[in-house]
Amino acid sequence: MILNQALYIRRKLANAIFIALSLGAALFGLVWLAFILFALFKEGISAMSISLFTEITPPPGSAGGLLNAIFGSLVMSLGAVLIGTPIGLFAGTYLAEYARYGKLSAVVRFVNDILLSGPSIVTGLFIYELVVVPMHGFSAIAGCLSLAVIVIPVVVRTTENMLLLVPNGLREAASALGAPQNFVIRSVTWKAARAGIVTGVLLAIARISGETAPLLFTALGNNSMSTDITKPMASLPAVIFQFALSPYQDWHTLAWGGALLVTATVLLLSILARILENQKRT
Amino acid sequence: MALRFPPGPSLTDISLQENQQSQSSLADLSARIETARRAGAGDVRFRLTSLLAAIAVLAIFAGVIASLVIGAMPAIKAFGFGFIVDEAWHPTREHFGALAPIYGTLVTSTLAMLIALPVGIGVAIFLTELCPRPLRRPIGIAIELLAGIPSNIYGIWGLFVFAPWFQTHVQEPVVSVIGDVPVLGTLFGGSTFGIGIFTAGLILSIMILPFISAVTRDVLETVPSVLKEASYGLGSTSWEVMWKVCLPFCSTGVVGGAMLALGRALGETMAVTFVIGNSHRIDPSLFAPGTSISATIANEFTEATTPLYTASLIELGLLLFGITFIVLSCAQLLLHRLEKAKGK
């Protein structure tokens with residue numbers, strides 16, 4: 001057998017290049033992550049102070065904090081989860097328990113996945129037309145609803161996926177004991193899938209805590225402390241957007257502080273979700 | 001919460017109360033019927049609630065389309081088809097054309113795909129085949145973290161940290177080297193600002209990288225190991241196994257994942273708004289500032305003073321929704337086919 005030395009070397013070389021490239025690709029991703037997190041922590045930590053949590057957003061040139069924005073974000077996220085979770089939970093239950101192979105379910109699944117990855121700014125336009133125009137003004141309610149529209153598809157998807165993992169034997173056993181179907185779903189399948197469903201809700205919260213686009217023309221923003229949900233309300237992401245694009249240095253600092261808060265929240269929620277998911281597996 | 005089922009008569013009950021048996025069993029029976037009836041009614045209610053929730057998802061989708069179409073009507077009537085081929089955007093003269101934002105959206109997304117697709121596949125190959133086992137999980141999680149960072153943060157980082165760095169360390173040297181080369185000079189020439197179409201595309205590529213690598217990783221794991229073993233057994237190198245066996249085997253999944261990522265890139269708003277420069281013109285240079293559909297809406301919607309201005313922005317939203325709908329539908333069809341194949 002004659003070894004074709006040139007071909008052999010060429011193939012070895014191509015392989016080495018390939019390995020180097022894929023290593024480079026992984027490094028490419030990691031370098032960006034490090035670059036972003038480093039800048040975020042460097043700028044964000046210097047913006048951290050007690051007043052960030054105790055004072056409201058200031059006019060340019062004076063000291064202040066983000067209290068109204070933090071409060072607004074918490075209120076609107078809470079509202080969105082309270083509205084979105086039940087709808088998402090029941091819709092996911094319908095898909096997994098009642099009509100797994102139905103035509104309607106196929107359509108709902110398709111539409112849900114479009115909503116899941118669709119542009120969130122369009123959600124803002126939708127709620128603007130649906131709520132803001134008839135109410136003649138921006139309001140925290142509108143902000144809540146547009147965030148809820150983002151929560152629903154996330155919860156539907158995870159709920160359905162988690163319910164599908166529940167073995168049919170459990171359902172059959174419960175039904176054989178004479179339990180009605182809604183009892184089987186509530187006390188057996190929901191319970192078995194509980195960790196997964198909670199994970200889905202956590203992921204949904206993580207997703208909406210960073211969302212800006214749907215809030216810009218629903219909740220708008222508010223530079224004073226407001227607890228009235230029929231009036232415009234500040235939110236962290238919107239304040240970051242507004243302050244970062246302003247020409248004032250002290251507003252930039254506050255924007256970095258807010259950015260660090262939002263990122264830390266999102267990352268903590270994702271870690272929590274991951275821990276829950278792993279617990280379920282073991 | 002738990003429903004209680006009335007206990008049936010036990011053996012001792014029957015022997016002790018033989019004379020009352022017919023009466024008690026009758027009462028027992030009617031109690032049972034009552035429980036069953038209530039449980040049945042609960043069943044119907046529960047089923048209806050879930051059906052309504054499922055229909056609510058459809059209603060939201062229909063509502064999005066309907067509200068966009070209704071909101072955009074004045075602009076559709078005023079400009080007709082010309083809206084999407086007109087570059088001019090003059091709010092003061094009430095003349096609106098969507099070509100510049102459409103161009104910006106398509107070009108930034110294309111750039112993002114050109115960068116993220118090879119890199120994402122590279123990351124996936126690295127993680128499934130080449131990476132030492134103990135490092136796989138941490139590196140995989142780190143790449144996924146990129147998807148968890150909110151788009152606002154990409155924006156503020158892109159504007160304050162990345163753009164100035166990119167301007168002095170990449171754009172200026174590039175322009176000075178190839179600024180006079182015919183085609184490349186047009187694509188990468190002109191004044192440098194740091195921000196612009198190219199920066200937006202690059203940041204988008206980082207944002208969608210984890211989506212591509214996650215889907216690719218998932219499908220690479222479905223390649224049967226016998227295929228790889230057979231290929232290695234014939235003396236293939238890792239590159240040949242990947243390129244000629246694994247990737248062709250899971251090309252549908254990779255394309256589906258790429259379409260999903262493209263859908264994300266098209267609709268991404270905040271990161272792009274921060275760094276694209278927001279100028280309503282089409283410049284041949286990729287380093288020049290531009291705008292995208294989502295950035296235009298985010299920047300101008302609350303400042304839109306006339307009904308026609310608002311309607312034009314909503315029509316932009318409708319166009320964006322239309323484009324992403326088509327891309328995401330294709331992605332779903334491909335990924336759905338894959339799931340079916342996996343089930344067999």
# chains A, B, ... in the order shown; residues from 1 in each chain; ligands from 1
>>> select_by_dssp(residues="stretch 50-184 of chain B", states="alpha helix (DSSP H)", output="short mmCIF file (atom, residue, chain, number, x, y, z; two decimals) with N, CA, C and O atoms, in the first residue's frame")
data_model
loop_
_atom_site.label_atom_id
_atom_site.label_comp_id
_atom_site.auth_asym_id
_atom_site.auth_seq_id
_atom_site.Cartn_x
_atom_site.Cartn_y
_atom_site.Cartn_z
N SER B 50 -59.47 25.84 30.72
CA SER B 50 -58.22 25.65 29.96
C SER B 50 -58.44 25.92 28.48
O SER B 50 -57.56 26.46 27.82
N LEU B 51 -59.61 25.54 27.99
CA LEU B 51 -59.89 25.83 26.57
C LEU B 51 -59.87 27.34 26.33
O LEU B 51 -59.26 27.82 25.36
N LEU B 52 -60.50 28.08 27.26
CA LEU B 52 -60.53 29.55 27.11
C LEU B 52 -59.12 30.13 27.14
O LEU B 52 -58.79 31.03 26.36
N ALA B 53 -58.28 29.58 28.04
CA ALA B 53 -56.91 30.09 28.13
C ALA B 53 -56.17 29.84 26.81
O ALA B 53 -55.43 30.70 26.33
N ALA B 54 -56.40 28.63 26.23
CA ALA B 54 -55.75 28.33 24.96
C ALA B 54 -56.24 29.27 23.88
O ALA B 54 -55.46 29.75 23.05
N ILE B 55 -57.55 29.56 23.92
CA ILE B 55 -58.10 30.47 22.92
C ILE B 55 -57.57 31.90 23.14
O ILE B 55 -57.36 32.64 22.19
N ALA B 56 -57.29 32.23 24.44
CA ALA B 56 -56.74 33.55 24.73
C ALA B 56 -55.41 33.76 24.01
O ALA B 56 -55.12 34.86 23.51
N VAL B 57 -54.61 32.69 23.91
CA VAL B 57 -53.34 32.80 23.19
C VAL B 57 -53.60 33.16 21.73
O VAL B 57 -52.96 34.06 21.17
N LEU B 58 -54.59 32.47 21.14
CA LEU B 58 -54.95 32.79 19.76
C LEU B 58 -55.46 34.21 19.65
O LEU B 58 -55.14 34.95 18.71
N ALA B 59 -56.25 34.62 20.66
CA ALA B 59 -56.84 35.96 20.62
C ALA B 59 -55.75 37.03 20.68
O ALA B 59 -55.85 38.05 19.99
N ILE B 60 -54.72 36.79 21.48
CA ILE B 60 -53.63 37.77 21.56
C ILE B 60 -52.99 37.92 20.18
O ILE B 60 -52.77 39.03 19.69
N PHE B 61 -52.74 36.77 19.55
CA PHE B 61 -52.10 36.80 18.23
C PHE B 61 -52.98 37.55 17.23
O PHE B 61 -52.51 38.44 16.52
N ALA B 62 -54.27 37.20 17.21
CA ALA B 62 -55.19 37.88 16.30
C ALA B 62 -55.27 39.36 16.64
O ALA B 62 -55.30 40.22 15.75
N GLY B 63 -55.27 39.66 17.95
CA GLY B 63 -55.35 41.05 18.39
C GLY B 63 -54.14 41.85 17.92
O GLY B 63 -54.28 43.00 17.50
N VAL B 64 -52.96 41.23 17.99
CA VAL B 64 -51.75 41.92 17.53
C VAL B 64 -51.91 42.31 16.06
O VAL B 64 -51.73 43.47 15.68
N ILE B 65 -52.30 41.32 15.24
CA ILE B 65 -52.43 41.61 13.80
C ILE B 65 -53.50 42.67 13.57
O ILE B 65 -53.28 43.66 12.87
N ALA B 66 -54.67 42.46 14.20
CA ALA B 66 -55.78 43.39 13.97
C ALA B 66 -55.40 44.81 14.39
O ALA B 66 -55.62 45.77 13.65
N SER B 67 -54.80 44.95 15.58
CA SER B 67 -54.49 46.30 16.06
C SER B 67 -53.47 46.97 15.17
O SER B 67 -53.54 48.17 14.90
N LEU B 68 -52.49 46.17 14.68
CA LEU B 68 -51.48 46.76 13.80
C LEU B 68 -52.11 47.21 12.49
O LEU B 68 -51.85 48.31 11.99
N VAL B 69 -52.97 46.35 11.92
CA VAL B 69 -53.58 46.70 10.64
C VAL B 69 -54.47 47.94 10.79
O VAL B 69 -54.39 48.88 10.00
N ILE B 70 -55.29 47.95 11.86
CA ILE B 70 -56.18 49.10 12.05
C ILE B 70 -55.37 50.36 12.29
O ILE B 70 -55.61 51.42 11.69
N GLY B 71 -54.33 50.24 13.16
CA GLY B 71 -53.52 51.41 13.46
C GLY B 71 -52.77 51.94 12.25
O GLY B 71 -52.51 53.13 12.13
N ALA B 72 -52.40 51.02 11.35
CA ALA B 72 -51.59 51.43 10.20
C ALA B 72 -52.44 51.93 9.04
O ALA B 72 -51.90 52.47 8.08
N MET B 73 -53.77 51.74 9.14
CA MET B 73 -54.65 52.06 8.01
C MET B 73 -54.42 53.45 7.39
O MET B 73 -54.27 53.56 6.17
N PRO B 74 -54.37 54.52 8.22
CA PRO B 74 -54.18 55.85 7.61
C PRO B 74 -52.92 55.91 6.75
O PRO B 74 -52.95 56.48 5.65
N ALA B 75 -51.84 55.29 7.22
CA ALA B 75 -50.59 55.34 6.46
C ALA B 75 -50.70 54.47 5.20
O ALA B 75 -50.20 54.84 4.13
N ILE B 76 -51.36 53.31 5.33
CA ILE B 76 -51.51 52.44 4.16
C ILE B 76 -52.31 53.17 3.08
O ILE B 76 -51.96 53.15 1.90
N LYS B 77 -53.37 53.88 3.52
CA LYS B 77 -54.19 54.62 2.55
C LYS B 77 -53.39 55.76 1.93
O LYS B 77 -53.50 56.04 0.74
N ALA B 78 -52.59 56.44 2.75
CA ALA B 78 -51.90 57.63 2.26
C ALA B 78 -50.76 57.29 1.31
O ALA B 78 -50.54 57.99 0.32
N PHE B 79 -50.01 56.22 1.61
CA PHE B 79 -48.80 55.97 0.84
C PHE B 79 -48.88 54.73 -0.04
O PHE B 79 -48.11 54.59 -0.99
N LEU B 99 -38.09 52.52 3.39
CA LEU B 99 -36.98 51.78 2.81
C LEU B 99 -35.74 51.78 3.70
O LEU B 99 -35.10 50.73 3.88
N ALA B 100 -35.39 52.93 4.27
CA ALA B 100 -34.18 53.00 5.09
C ALA B 100 -34.27 52.07 6.31
O ALA B 100 -33.33 51.30 6.55
N PRO B 101 -35.37 52.10 7.08
CA PRO B 101 -35.47 51.15 8.20
C PRO B 101 -35.47 49.68 7.75
O PRO B 101 -34.82 48.85 8.39
N ILE B 102 -36.17 49.39 6.64
CA ILE B 102 -36.18 48.00 6.17
C ILE B 102 -34.77 47.58 5.80
O ILE B 102 -34.29 46.51 6.19
N TYR B 103 -34.06 48.46 5.07
CA TYR B 103 -32.68 48.18 4.69
C TYR B 103 -31.85 47.91 5.95
O TYR B 103 -31.11 46.92 6.02
N GLY B 104 -31.98 48.79 6.94
CA GLY B 104 -31.19 48.65 8.16
C GLY B 104 -31.47 47.33 8.86
O GLY B 104 -30.55 46.62 9.28
N THR B 105 -32.75 46.98 8.97
CA THR B 105 -33.12 45.73 9.63
C THR B 105 -32.54 44.53 8.89
O THR B 105 -31.93 43.64 9.51
N LEU B 106 -32.69 44.52 7.56
CA LEU B 106 -32.21 43.37 6.80
C LEU B 106 -30.69 43.28 6.84
O LEU B 106 -30.13 42.19 7.02
N VAL B 107 -30.00 44.43 6.69
CA VAL B 107 -28.54 44.38 6.64
C VAL B 107 -27.96 44.00 8.01
O VAL B 107 -27.06 43.15 8.08
N THR B 108 -28.47 44.60 9.09
CA THR B 108 -27.92 44.23 10.40
C THR B 108 -28.16 42.75 10.69
O THR B 108 -27.28 42.07 11.20
N SER B 109 -29.35 42.25 10.33
CA SER B 109 -29.64 40.84 10.60
C SER B 109 -28.76 39.93 9.75
O SER B 109 -28.29 38.89 10.23
N THR B 110 -28.54 40.32 8.48
CA THR B 110 -27.68 39.50 7.63
C THR B 110 -26.27 39.45 8.19
O THR B 110 -25.66 38.38 8.28
N LEU B 111 -25.75 40.63 8.56
CA LEU B 111 -24.41 40.68 9.16
C LEU B 111 -24.35 39.77 10.39
O LEU B 111 -23.41 38.99 10.55
N ALA B 112 -25.38 39.89 11.23
CA ALA B 112 -25.41 39.10 12.46
C ALA B 112 -25.37 37.61 12.13
O ALA B 112 -24.64 36.84 12.76
N MET B 113 -26.14 37.20 11.11
CA MET B 113 -26.17 35.78 10.74
C MET B 113 -24.82 35.35 10.18
O MET B 113 -24.34 34.26 10.48
N LEU B 114 -24.21 36.20 9.34
CA LEU B 114 -22.93 35.84 8.73
C LEU B 114 -21.87 35.59 9.80
O LEU B 114 -21.02 34.71 9.65
N ILE B 115 -21.93 36.36 10.88
CA ILE B 115 -20.95 36.16 11.95
C ILE B 115 -21.38 35.02 12.88
O ILE B 115 -20.60 34.13 13.19
N ALA B 116 -22.66 35.04 13.29
CA ALA B 116 -23.08 34.13 14.36
C ALA B 116 -23.23 32.68 13.87
O ALA B 116 -23.04 31.75 14.65
N LEU B 117 -23.57 32.49 12.60
CA LEU B 117 -23.81 31.11 12.14
C LEU B 117 -22.55 30.26 12.21
O LEU B 117 -22.54 29.22 12.88
N PRO B 118 -21.43 30.68 11.54
CA PRO B 118 -20.23 29.86 11.66
C PRO B 118 -19.72 29.76 13.09
O PRO B 118 -19.33 28.68 13.55
N VAL B 119 -19.75 30.88 13.82
CA VAL B 119 -19.24 30.85 15.19
C VAL B 119 -20.12 29.96 16.07
O VAL B 119 -19.61 29.15 16.85
N GLY B 120 -21.44 30.09 15.89
CA GLY B 120 -22.35 29.28 16.71
C GLY B 120 -22.16 27.79 16.46
O GLY B 120 -22.13 26.99 17.39
N ILE B 121 -22.01 27.42 15.18
CA ILE B 121 -21.79 26.01 14.86
C ILE B 121 -20.45 25.57 15.44
O ILE B 121 -20.32 24.48 16.01
N GLY B 122 -19.43 26.47 15.33
CA GLY B 122 -18.12 26.17 15.89
C GLY B 122 -18.20 25.91 17.39
O GLY B 122 -17.63 24.94 17.89
N VAL B 123 -18.95 26.76 18.09
CA VAL B 123 -19.10 26.59 19.54
C VAL B 123 -19.75 25.25 19.84
O VAL B 123 -19.31 24.50 20.71
N ALA B 124 -20.81 24.93 19.06
CA ALA B 124 -21.53 23.68 19.31
C ALA B 124 -20.62 22.48 19.07
O ALA B 124 -20.62 21.53 19.86
N ILE B 125 -19.83 22.52 17.99
CA ILE B 125 -18.93 21.41 17.71
C ILE B 125 -17.89 21.29 18.82
O ILE B 125 -17.60 20.20 19.32
N ARG B 133 -14.27 16.94 28.99
CA ARG B 133 -15.56 16.77 29.65
C ARG B 133 -15.84 17.69 30.83
O ARG B 133 -16.90 18.30 30.91
N PRO B 134 -14.87 17.82 31.77
CA PRO B 134 -15.19 18.66 32.94
C PRO B 134 -15.47 20.13 32.58
O PRO B 134 -16.16 20.82 33.31
N LEU B 135 -14.95 20.59 31.42
CA LEU B 135 -15.15 21.99 31.05
C LEU B 135 -16.45 22.22 30.29
O LEU B 135 -16.88 23.34 30.10
N ARG B 136 -17.07 21.12 29.82
CA ARG B 136 -18.23 21.28 28.95
C ARG B 136 -19.34 22.07 29.59
O ARG B 136 -19.87 23.01 29.01
N ARG B 137 -19.70 21.68 30.81
CA ARG B 137 -20.83 22.33 31.48
C ARG B 137 -20.57 23.80 31.74
O ARG B 137 -21.36 24.65 31.32
N PRO B 138 -19.44 24.14 32.40
CA PRO B 138 -19.21 25.57 32.65
C PRO B 138 -19.18 26.42 31.37
O PRO B 138 -19.79 27.50 31.33
N ILE B 139 -18.50 25.93 30.33
CA ILE B 139 -18.42 26.74 29.11
C ILE B 139 -19.80 26.85 28.47
O ILE B 139 -20.21 27.91 28.00
N GLY B 140 -20.54 25.74 28.48
CA GLY B 140 -21.90 25.77 27.93
C GLY B 140 -22.77 26.78 28.65
O GLY B 140 -23.48 27.57 28.02
N ILE B 141 -22.68 26.79 29.98
CA ILE B 141 -23.48 27.74 30.76
C ILE B 141 -23.06 29.17 30.45
O ILE B 141 -23.89 30.07 30.29
N ALA B 142 -21.74 29.39 30.32
CA ALA B 142 -21.25 30.74 30.05
C ALA B 142 -21.80 31.24 28.71
O ALA B 142 -22.24 32.39 28.61
N ILE B 143 -21.80 30.38 27.70
CA ILE B 143 -22.32 30.81 26.40
C ILE B 143 -23.82 31.10 26.52
O ILE B 143 -24.33 32.07 25.97
N GLU B 144 -24.53 30.25 27.31
CA GLU B 144 -25.97 30.49 27.48
C GLU B 144 -26.24 31.80 28.21
O GLU B 144 -27.27 32.44 28.01
N LEU B 145 -25.30 32.19 29.08
CA LEU B 145 -25.46 33.46 29.81
C LEU B 145 -25.60 34.62 28.85
O LEU B 145 -26.30 35.59 29.13
N LEU B 146 -24.93 34.53 27.70
CA LEU B 146 -25.02 35.59 26.71
C LEU B 146 -26.47 35.83 26.31
O LEU B 146 -26.87 36.94 25.99
N ALA B 147 -27.28 34.75 26.31
CA ALA B 147 -28.69 34.91 25.95
C ALA B 147 -29.47 35.51 27.11
O ALA B 147 -30.54 36.09 26.91
N GLY B 148 -28.94 35.38 28.34
CA GLY B 148 -29.68 35.87 29.49
C GLY B 148 -29.50 37.36 29.73
O GLY B 148 -30.33 37.99 30.36
N SER B 151 -31.29 42.97 26.62
CA SER B 151 -30.80 43.65 25.43
C SER B 151 -30.41 45.09 25.73
O SER B 151 -29.50 45.65 25.12
N ASN B 152 -31.06 45.69 26.73
CA ASN B 152 -30.67 47.01 27.19
C ASN B 152 -29.21 47.10 27.57
O ASN B 152 -28.53 48.09 27.31
N ILE B 153 -28.73 46.02 28.22
CA ILE B 153 -27.35 46.02 28.72
C ILE B 153 -26.38 45.92 27.54
O ILE B 153 -25.34 46.57 27.52
N TYR B 154 -26.75 45.11 26.53
CA TYR B 154 -25.94 45.10 25.31
C TYR B 154 -25.88 46.50 24.73
O TYR B 154 -24.84 46.95 24.24
N GLY B 155 -27.01 47.20 24.78
CA GLY B 155 -27.08 48.53 24.20
C GLY B 155 -26.17 49.52 24.92
O GLY B 155 -25.34 50.19 24.30
N ILE B 156 -26.30 49.58 26.24
CA ILE B 156 -25.53 50.58 26.99
C ILE B 156 -24.05 50.25 26.91
O ILE B 156 -23.20 51.12 26.74
N TRP B 157 -23.72 48.96 26.95
CA TRP B 157 -22.33 48.55 26.81
C TRP B 157 -21.82 48.87 25.41
O TRP B 157 -20.71 49.39 25.23
N ALA B 163 -18.37 50.79 21.31
CA ALA B 163 -18.27 51.66 20.13
C ALA B 163 -17.00 52.51 20.13
O ALA B 163 -16.31 52.57 19.11
N PRO B 164 -16.64 53.17 21.24
CA PRO B 164 -15.39 53.95 21.22
C PRO B 164 -14.17 53.07 20.96
O PRO B 164 -13.29 53.43 20.20
N TRP B 165 -14.16 51.89 21.59
CA TRP B 165 -13.04 50.97 21.39
C TRP B 165 -12.97 50.53 19.93
O TRP B 165 -11.92 50.52 19.30
N PHE B 166 -14.15 50.17 19.39
CA PHE B 166 -14.23 49.68 18.02
C PHE B 166 -13.78 50.76 17.04
O PHE B 166 -13.09 50.48 16.06
N GLU B 172 -10.85 52.76 12.38
CA GLU B 172 -9.87 53.68 11.81
C GLU B 172 -8.75 52.97 11.07
O GLU B 172 -8.45 53.33 9.91
N PRO B 173 -8.13 51.92 11.66
CA PRO B 173 -7.12 51.19 10.89
C PRO B 173 -7.69 50.60 9.60
O PRO B 173 -7.05 50.70 8.54
N VAL B 174 -8.90 50.01 9.68
CA VAL B 174 -9.47 49.39 8.49
C VAL B 174 -9.68 50.42 7.39
O VAL B 174 -9.31 50.21 6.24
N VAL B 175 -10.27 51.56 7.77
CA VAL B 175 -10.54 52.57 6.76
C VAL B 175 -9.23 53.08 6.16
O VAL B 175 -9.12 53.28 4.94
N SER B 176 -8.20 53.23 6.99
CA SER B 176 -6.95 53.77 6.45
C SER B 176 -6.27 52.75 5.55
O SER B 176 -5.57 53.12 4.61
N VAL B 177 -6.50 51.45 5.80
CA VAL B 177 -5.84 50.45 4.95
C VAL B 177 -6.60 50.21 3.66
O VAL B 177 -6.04 50.28 2.57
N ILE B 178 -7.91 49.97 3.75
CA ILE B 178 -8.64 49.58 2.55
C ILE B 178 -9.56 50.66 2.04
O ILE B 178 -10.38 50.43 1.16
N PRO B 182 -11.32 49.58 -4.43
CA PRO B 182 -12.63 49.87 -5.03
C PRO B 182 -13.86 49.40 -4.24
O PRO B 182 -14.52 50.23 -3.62
N VAL B 183 -14.15 48.10 -4.22
CA VAL B 183 -15.42 47.67 -3.63
C VAL B 183 -15.38 47.73 -2.10
O VAL B 183 -16.26 48.27 -1.45
N LEU B 184 -14.32 47.19 -1.53
CA LEU B 184 -14.19 47.16 -0.07
C LEU B 184 -14.19 48.56 0.51
O LEU B 184 -14.76 48.81 1.57
#
>>> closest_atom_pairs(of="chain A", to="chain B", cutoff="6 Å", atoms="only C-alpha atoms", output="tab-separated table")
residue	atom	partner	partner_atom	distance
A:Asn15	CA	B:Trp239	CA	5.1
A:Ser22	CA	B:Gly122	CA	4.3
A:Ala25	CA	B:Val119	CA	4.9
A:Ala26	CA	B:Val123	CA	4.8
A:Ile87	CA	B:Ala53	CA	5.1
A:Phe90	CA	B:Ser50	CA	4.5
A:Ala91	CA	B:Ala54	CA	4.2
A:Tyr94	CA	B:Ser50	CA	5.1
A:Pro119	CA	B:Gly267	CA	4.2
A:Val122	CA	B:Gly317	CA	6.0
A:Phe126	CA	B:Val64	CA	5.2
A:Asn182	CA	B:Asp43	CA	5.3
A:Gly210	CA	B:Pro150	CA	4.9
>>> select_by_dssp(residues="stretch 57-297 of chain B", states="strand (DSSP E or B)", output="MDAnalysis selection string")
chainID B and resid 89:90 95:96 277 290
>>> atom_distance(atom1="atom CA of A:Leu74", atom2="atom CA of A:Leu40")
21.8 Å
>>> residues_around(residues="A:Met76", least_positions_apart="6", cutoff="10 Å", atoms="only C-alpha atoms", output="ChimeraX atom specification")
/A:82,140-148,208-209,215,219,229,233-235
>>> residues_around(residues="B:Leu338", least_positions_apart="6", cutoff="12 Å", atoms="only C-alpha atoms", output="PDB file with N, CA, C and O atoms, in the first residue's frame")
ATOM      1  N   VAL B 215     -29.230  25.184  19.674  1.00  0.00           N
ATOM      2  CA  VAL B 215     -29.966  24.281  18.786  1.00  0.00           C
ATOM      3  C   VAL B 215     -29.005  23.315  18.099  1.00  0.00           C
ATOM      4  O   VAL B 215     -29.269  22.113  18.017  1.00  0.00           O
ATOM      5  N   ASP B 218     -27.994  20.592  20.394  1.00  0.00           N
ATOM      6  CA  ASP B 218     -29.069  19.612  20.572  1.00  0.00           C
ATOM      7  C   ASP B 218     -29.129  18.645  19.406  1.00  0.00           C
ATOM      8  O   ASP B 218     -29.257  17.439  19.596  1.00  0.00           O
ATOM      9  N   VAL B 219     -29.042  19.170  18.174  1.00  0.00           N
ATOM     10  CA  VAL B 219     -29.179  18.253  17.032  1.00  0.00           C
ATOM     11  C   VAL B 219     -27.916  17.421  16.847  1.00  0.00           C
ATOM     12  O   VAL B 219     -28.001  16.273  16.417  1.00  0.00           O
ATOM     13  N   THR B 222     -28.095  14.246  18.489  1.00  0.00           N
ATOM     14  CA  THR B 222     -28.979  13.210  17.953  1.00  0.00           C
ATOM     15  C   THR B 222     -28.275  12.360  16.898  1.00  0.00           C
ATOM     16  O   THR B 222     -28.828  11.354  16.458  1.00  0.00           O
ATOM     17  N   PHE B 249     -26.062  15.276   8.438  1.00  0.00           N
ATOM     18  CA  PHE B 249     -27.106  14.513   9.124  1.00  0.00           C
ATOM     19  C   PHE B 249     -28.095  15.442   9.809  1.00  0.00           C
ATOM     20  O   PHE B 249     -29.302  15.178   9.833  1.00  0.00           O
ATOM     21  N   CYS B 250     -27.593  16.548  10.364  1.00  0.00           N
ATOM     22  CA  CYS B 250     -28.508  17.401  11.131  1.00  0.00           C
ATOM     23  C   CYS B 250     -28.669  18.774  10.505  1.00  0.00           C
ATOM     24  O   CYS B 250     -28.928  19.752  11.202  1.00  0.00           O
ATOM     25  N   SER B 251     -28.552  18.840   9.189  1.00  0.00           N
ATOM     26  CA  SER B 251     -28.643  20.152   8.540  1.00  0.00           C
ATOM     27  C   SER B 251     -30.010  20.800   8.763  1.00  0.00           C
ATOM     28  O   SER B 251     -30.100  22.008   8.981  1.00  0.00           O
ATOM     29  N   THR B 252     -31.083  20.008   8.743  1.00  0.00           N
ATOM     30  CA  THR B 252     -32.416  20.588   8.957  1.00  0.00           C
ATOM     31  C   THR B 252     -32.478  21.333  10.278  1.00  0.00           C
ATOM     32  O   THR B 252     -32.970  22.460  10.346  1.00  0.00           O
ATOM     33  N   GLY B 253     -31.966  20.686  11.317  1.00  0.00           N
ATOM     34  CA  GLY B 253     -32.016  21.303  12.635  1.00  0.00           C
ATOM     35  C   GLY B 253     -31.202  22.570  12.698  1.00  0.00           C
ATOM     36  O   GLY B 253     -31.620  23.572  13.279  1.00  0.00           O
ATOM     37  N   VAL B 254     -30.019  22.539  12.071  1.00  0.00           N
ATOM     38  CA  VAL B 254     -29.159  23.725  12.097  1.00  0.00           C
ATOM     39  C   VAL B 254     -29.846  24.875  11.373  1.00  0.00           C
ATOM     40  O   VAL B 254     -29.871  26.012  11.865  1.00  0.00           O
ATOM     41  N   VAL B 255     -30.442  24.576  10.211  1.00  0.00           N
ATOM     42  CA  VAL B 255     -31.130  25.633   9.464  1.00  0.00           C
ATOM     43  C   VAL B 255     -32.307  26.158  10.285  1.00  0.00           C
ATOM     44  O   VAL B 255     -32.525  27.366  10.388  1.00  0.00           O
ATOM     45  N   GLY B 256     -33.052  25.256  10.926  1.00  0.00           N
ATOM     46  CA  GLY B 256     -34.177  25.683  11.767  1.00  0.00           C
ATOM     47  C   GLY B 256     -33.710  26.596  12.894  1.00  0.00           C
ATOM     48  O   GLY B 256     -34.299  27.645  13.135  1.00  0.00           O
ATOM     49  N   GLY B 257     -32.628  26.201  13.558  1.00  0.00           N
ATOM     50  CA  GLY B 257     -32.091  27.020  14.640  1.00  0.00           C
ATOM     51  C   GLY B 257     -31.640  28.376  14.132  1.00  0.00           C
ATOM     52  O   GLY B 257     -31.855  29.403  14.773  1.00  0.00           O
ATOM     53  N   ALA B 331     -38.826  28.480  10.423  1.00  0.00           N
ATOM     54  CA  ALA B 331     -38.032  27.844  11.472  1.00  0.00           C
ATOM     55  C   ALA B 331     -38.827  26.738  12.138  1.00  0.00           C
ATOM     56  O   ALA B 331     -38.340  25.627  12.344  1.00  0.00           O
ATOM     57  N   GLN B 332     -40.110  27.053  12.443  1.00  0.00           N
ATOM     58  CA  GLN B 332     -40.931  26.066  13.146  1.00  0.00           C
ATOM     59  C   GLN B 332     -41.202  24.845  12.303  1.00  0.00           C
ATOM     60  O   GLN B 332     -41.180  23.728  12.800  1.00  0.00           O
ATOM     61  N   LYS B 344     -39.678   8.962  15.370  1.00  0.00           N
ATOM     62  CA  LYS B 344     -39.842   7.685  14.674  1.00  0.00           C
ATOM     63  C   LYS B 344     -38.852   6.625  15.123  1.00  0.00           C
ATOM     64  O   LYS B 344     -37.796   6.909  15.571  1.00  0.00           O
TER      65      LYS B 344
END
